[in-house]
Amino acid sequence: MSAAVDSSFQTPAPAGRDLLVLDHVKVEYVSSLGAVTAIPDLSLTIRAGESYGLVGESGCGKSTLLMAILGYLGPTGRIANGRIVFDGMDVTKADAAALARIRGRGVSIVYQDPNAALNPTLTIGRQLAEVPMLHEGLDGASARARARRILTDVHLPDPDAVMDRYPHQLSGGQKQRVVIAMALLANPKLLLLDEPTTGLDVTVEAAVLDLVNELREKYGTTLLYISHNLGVIAKVCDRVGVMYLGDLVEEAPVEELFARPRHPYTRRLLACVPRLDSDKHTTTFLPIPGQPPSLGSRPRGCSFGPRCAGFEPQRCGMAPIAEEETDPGHAVRCVRWRELDQFESRDKEHVAPASPSAEKVLEAIDLSKVYELGNAFFGFSSARQLVANEDLSFDANKGEILAIVGESGSGKSTFARILAGLQDASGGKLRVLGEDLSRMPASRRTMEQLAAVQMVFQNPDATLNPSHTAGFSIGRALRKFGIARSRKEIDSRVRDLFAMVRLSPHLARQRPGRLSGGQKQRVAIARAFAGDPKMLVADEPVSALDVSVQAAIVNLLLQIQARRGATIVFISHDLALVRHLADRVVVMYLGRVMEMGPVASIFAPPYHPYTEALLAAVPVPDPTVKQKHLRLEGEPPSPINVPAGCRFAARCPRKVGAICDNTPPPERDAGGGHMIACHIPIEELKAVTPIFSADPGQVS
Amino acid sequence: MTATTPDAAALTAAPVERAPPSLLRRLPHSPVAMVGLGLILFWVALAVLAPLLPLDPPNKQDLMALADPRPSWRHWLGTDFKGRDILSRLIWGARTVLSVAPLAALSAYVVGCPLGLAAGYYGGKVDTLISRLSDIILSFPIIILYVILIANIGPSALNIVLAVVLTAAPGIARIVRGLTLEQRHLDYIAAAQLRRENALYIMFVELLPNCRGPLITDFCLRVGYTIITIGILGFLGLGLPPPDPDWGTMVKEGTAMISVRPHMSLFPALAIVSLILGFNLLADGVRELSLRE
């Protein structure tokens, strides 16, 4: 039987053959208001064995394209024109049975959210075995045997145990591995991956990307990888297509695209991506002006025209732009790609970062936050403790940006909430402008203390009350902080604040439902600055935004900070972004500080082993940068009942020995305010090679 | 230094996405809601116009009709066992139902919403106290509770309102509590706390307005239930004191002669059904519309 199972893995399709051809595909969504074109005219060829990446920001039609390939556009979508030929068969003309065959054995898909892809009521083994039973008619035992083998292939520890578990018993990264295993079980010729690592921690993401690369080599599966993250695309793809408003605006081999982007949109997108080799003093993000138009109001001619600095009505705004080949394999839809240098230099934005002073405005001294867990019902309580923050000691100067980085569960948000006054600490001190606020939640702070420390939150959709206008909460803040009293005064102040965050004042009267994510976050920044704060706590303020919007918000924050001289505590998981904007960095893991120091010192040796692993996992949007390969085993452990020694010991690739498990590590001074909490002597830490090295052969 | 960027100009000019029109304005898109609204407005119009309509006074006895109380040109829906015009009594009775039922439901909201907000916002002991009390009240068979209450405090419009408040408020509190818990940890609540808004402000200005969608649906349903309740109380002899017309009482009075003169019970029963149906259809339509957003 096992021999039969083995032979069922088909040999990879011969490389170079066209596996998927999209020929002038037009996709529409039909509603009672008429048809809206999501994809006007898209042609694309994916050859067998290659890994094709599609990048674009939200709303650019990536997912619509995926669904069109699967022949699954839903009741309102339809392919109005063109052909989608998969492996010699036209998907647009296929009947239900043929589509089921394609979806089962030809194309598999891995979605973004593994929780939605797995059935919570069935064991992993049952769900996996279903695939070959359904599509190949295998009996239960051999289907399970194959499921088990594929689980081994995706490097899940102890596959037998995983088979018997339910989805909720696995971590996010493990679940995504199971979903990938499930997709591979159907033995597809083409694997569609729709943002499979978005939402995973960076170390877990890196491991999943390694897995994708490894499986691709092993099975010769063709990949179509969709992502908004250029760094991820650079890591796993051979060829890249850039989508904007349903158009494929540029297509090139991956090195070529990152080295010589030709389309103004691609170039601006790349100029918005934070890079690990530059910071706010050397580069300024170049956000894309305006917002993408809605699908209903597609511009005539070039879809990017209204936002392009080089837009010429006569040449760009009349007819759809034809595709032009600039180099072999590199195609672009821009009539002015030869004249890029004539218009691109015009709109350089200059952001002068604030210069920090030596005045200490924030000082955390052995700050701790412990949650007593356990069910207090009927007086039974277990002695479980969740240590969210332990012995945090660091400080920040006036006008400085202090970044706190770490993966989920590191306790960085808990610190932010204590600082803002949404929680109180359970130990230690937190001096803000000379006063200890560690046990002073918002309800006990004075109005001045509240106005002095304000917060910008992560989720743009939850930051404004949907029942009130955008200007409402700003007006309330002005009134509460005693800055303006009369209605007229408040209105004029709100207008000023809207102008400060570059929003049209008439938006103040709109409800949040009418604003885009970036606009909502601008309103939130305006609200935080209503009381002229001395300190701004920004908890992942841009992580839910598209990269071009993120760039604009970061520029805005830097400008406002320079003008107002506020200190910013910037919480983030994005190391590249932190590299760009921070002055000093604190790296946290499971509630403790692992390393801290000036931003440049964090990104160069000596590294804390955890920082080193984080940096090695960062997806770098530049395929020429060589990154040291270093992966962490497993995932961050639970912060409940943590070990006595170093928090990172269980996953540390450079663990010294038992001392790491038993004894908290010493704080080693690496000079220049750079501290590393590790048992490894500083000389040894200094001896490692840098994580990043540019390939000298290629300079972009 | 801070040169205006192209970004600024473009953002200012950025077209604002058209928001979906308010629920009220979309109501005509739901045929179900429109039928429901039509039924309700039919009764409201009759009730409002009652004094202007060429009707017999509701308590006037037409002794001539006693011989044959069946529907006739003189009495379109017939007369009851005392010779009173049923159509007139239905229309005058609609005034009672349409004032007592919405008033009772509204009063229940006035009591239930703050309780639910407090339970959801404060949590802990406040929540435990309010939720357990609600559970106790809700665990009673509701009709028995009504009977006990009204039998003790006596039948009157005010007492019916009180009884409805006592029995409906816990259910409303439970809904509001759930809706509050969903929002309690959202960032706009945190933002309000960071400018030290007091608890009442957060509950009524920040939290309550976002509960309105489900609450409008629930209100329509609850008015319907209250009409049933008033009908049942009338039927059990605990309705509004005679001789003023009460739909439930009318059904009950008709039952004695139901085998020979079914119209005496049938027409009031149909009136109750149509009005409840109206509120339920409106509730369904509103819920459908809010889900379509």
# chains A, B, ... in the order shown; residues from 1 in each chain; ligands from 1

$ residues_around --residues "segment 485-492 of chain A" --least-positions-apart "5" --cutoff "8 Å" --atoms "only C-alpha atoms" --output "list in words"
Gly475, Leu478 and Arg479 of chain A

$ closest_atom_pairs --of "segment 60-136 of chain B" --to "segment 180-184 of chain B" --cutoff "12 Å" --atoms "only C-alpha atoms" --output "JSON lines"
{"residue": "B:Cys113", "atom": "CA", "partner": "B:Thr180", "partner_atom": "CA", "distance": 10.3}
{"residue": "B:Pro114", "atom": "CA", "partner": "B:Thr180", "partner_atom": "CA", "distance": 10.9}
{"residue": "B:Leu115", "atom": "CA", "partner": "B:Thr180", "partner_atom": "CA", "distance": 11.1}
{"residue": "B:Gly116", "atom": "CA", "partner": "B:Thr180", "partner_atom": "CA", "distance": 7.8}
{"residue": "B:Leu117", "atom": "CA", "partner": "B:Thr180", "partner_atom": "CA", "distance": 6.3}
{"residue": "B:Ala118", "atom": "CA", "partner": "B:Thr180", "partner_atom": "CA", "distance": 8.9}
{"residue": "B:Ala119", "atom": "CA", "partner": "B:Thr180", "partner_atom": "CA", "distance": 8.6}
{"residue": "B:Gly120", "atom": "CA", "partner": "B:Leu181", "partner_atom": "CA", "distance": 5.2}
{"residue": "B:Tyr121", "atom": "CA", "partner": "B:Arg184", "partner_atom": "CA", "distance": 6.4}
{"residue": "B:Tyr122", "atom": "CA", "partner": "B:Arg184", "partner_atom": "CA", "distance": 9.4}
{"residue": "B:Gly123", "atom": "CA", "partner": "B:Leu181", "partner_atom": "CA", "distance": 8.8}
{"residue": "B:Asp127", "atom": "CA", "partner": "B:Leu181", "partner_atom": "CA", "distance": 10.8}

$ interface_residues --of "chain A" --to "chain B" --cutoff "7 Å" --atoms "only C-alpha atoms" --output "count of residues only"
23

$ select_by_dssp --residues "segment 369-499 of chain A" --states "helix (DSSP H, G or I)" --output "JSON, numbers by chain"
{"A": [377, 378, 379, 412, 413, 414, 415, 416, 417, 418, 419, 420, 442, 443, 444, 447, 448, 449, 450, 451, 452, 472, 473, 474, 475, 476, 477, 478, 479, 480, 487, 488, 489, 490, 491, 492, 493, 494, 495, 496, 497, 498, 499]}

$ closest_atom_pairs --of "segment 524-588 of chain A" --to "segment 223-233 of chain A" --cutoff "12 Å" --atoms "only C-alpha atoms" --output "tab-separated table"
residue	atom	partner	partner_atom	distance
A:Ser543	CA	A:Asn229	CA	11.8
A:Ala544	CA	A:His228	CA	11.6
A:Leu545	CA	A:His228	CA	10.5
A:Asp546	CA	A:His228	CA	7.7
A:Val547	CA	A:His228	CA	8.0
A:Ser548	CA	A:His228	CA	10.6
A:Asp574	CA	A:Gly231	CA	11.8
A:Ala576	CA	A:Gly231	CA	10.4

$ residues_around --residues "Ser134 of chain B" --least-positions-apart "5" --cutoff "12 Å" --atoms "only C-alpha atoms" --output "MDAnalysis selection string"
chainID B and resid 112 115:116 119 127:129 139:140 166:175 177

$ write_last_selection --atoms "C-alpha atoms" --output "short mmCIF file (atom, residue, chain, number, x, y, z; two decimals), in the first residue's frame"
data_model
loop_
_atom_site.label_atom_id
_atom_site.label_comp_id
_atom_site.auth_asym_id
_atom_site.auth_seq_id
_atom_site.Cartn_x
_atom_site.Cartn_y
_atom_site.Cartn_z
CA GLY B 112 -32.98 48.16 31.70
CA LEU B 115 -28.58 48.38 34.54
CA GLY B 116 -27.08 46.68 31.50
CA ALA B 119 -23.15 45.56 34.55
CA ASP B 127 -22.22 42.69 37.12
CA THR B 128 -22.75 39.68 39.36
CA LEU B 129 -25.45 41.43 41.37
CA SER B 139 -36.57 32.29 35.67
CA PHE B 140 -40.22 32.92 36.66
CA LEU B 166 -40.25 44.54 36.07
CA THR B 167 -40.40 41.61 33.67
CA ALA B 168 -38.82 43.17 30.56
CA ALA B 169 -36.04 45.25 32.11
CA PRO B 170 -33.87 42.21 32.99
CA GLY B 171 -33.95 41.00 29.39
CA ILE B 172 -33.07 44.46 28.11
CA ALA B 173 -30.30 44.75 30.68
CA ARG B 174 -28.87 41.46 29.47
CA ILE B 175 -28.80 42.60 25.83
CA ARG B 177 -24.69 44.23 28.92
#

$ atom_distance --atom1 "atom CA of Pro681 of chain A" --atom2 "atom CA of Pro619 of chain A"
29.1 Å

$ select_by_dssp --residues "segment 74-220 of chain A" --states "strand (DSSP E)" --output "VMD selection string"
chain A and resid 77 to 86 89 to 90 107 to 110 190 to 194

$ write_last_selection --atoms "C-alpha atoms" --output "tab-separated table (two decimals), in the first residue's frame"
chain	number	residue	atom	x	y	z
A	77	GLY	CA	-18.53	38.43	-9.31
A	78	ARG	CA	-18.06	37.37	-12.88
A	79	ILE	CA	-15.33	37.08	-15.47
A	80	ALA	CA	-16.63	39.43	-18.12
A	81	ASN	CA	-13.91	38.89	-20.65
A	82	GLY	CA	-10.77	36.90	-21.37
A	83	ARG	CA	-9.57	33.43	-20.56
A	84	ILE	CA	-7.93	31.81	-17.56
A	85	VAL	CA	-6.18	28.69	-18.78
A	86	PHE	CA	-4.84	26.36	-16.13
A	89	MET	CA	-8.04	23.92	-19.45
A	90	ASP	CA	-10.10	27.10	-19.54
A	107	VAL	CA	-4.75	24.23	-7.42
A	108	SER	CA	-4.60	24.53	-3.65
A	109	ILE	CA	-4.81	27.64	-1.59
A	110	VAL	CA	-3.42	28.73	1.76
A	190	LEU	CA	-0.13	25.26	-8.36
A	191	LEU	CA	-0.15	26.47	-4.79
A	192	LEU	CA	-1.80	29.82	-4.12
A	193	LEU	CA	-0.64	31.56	-0.96
A	194	ASP	CA	-2.71	34.54	0.16
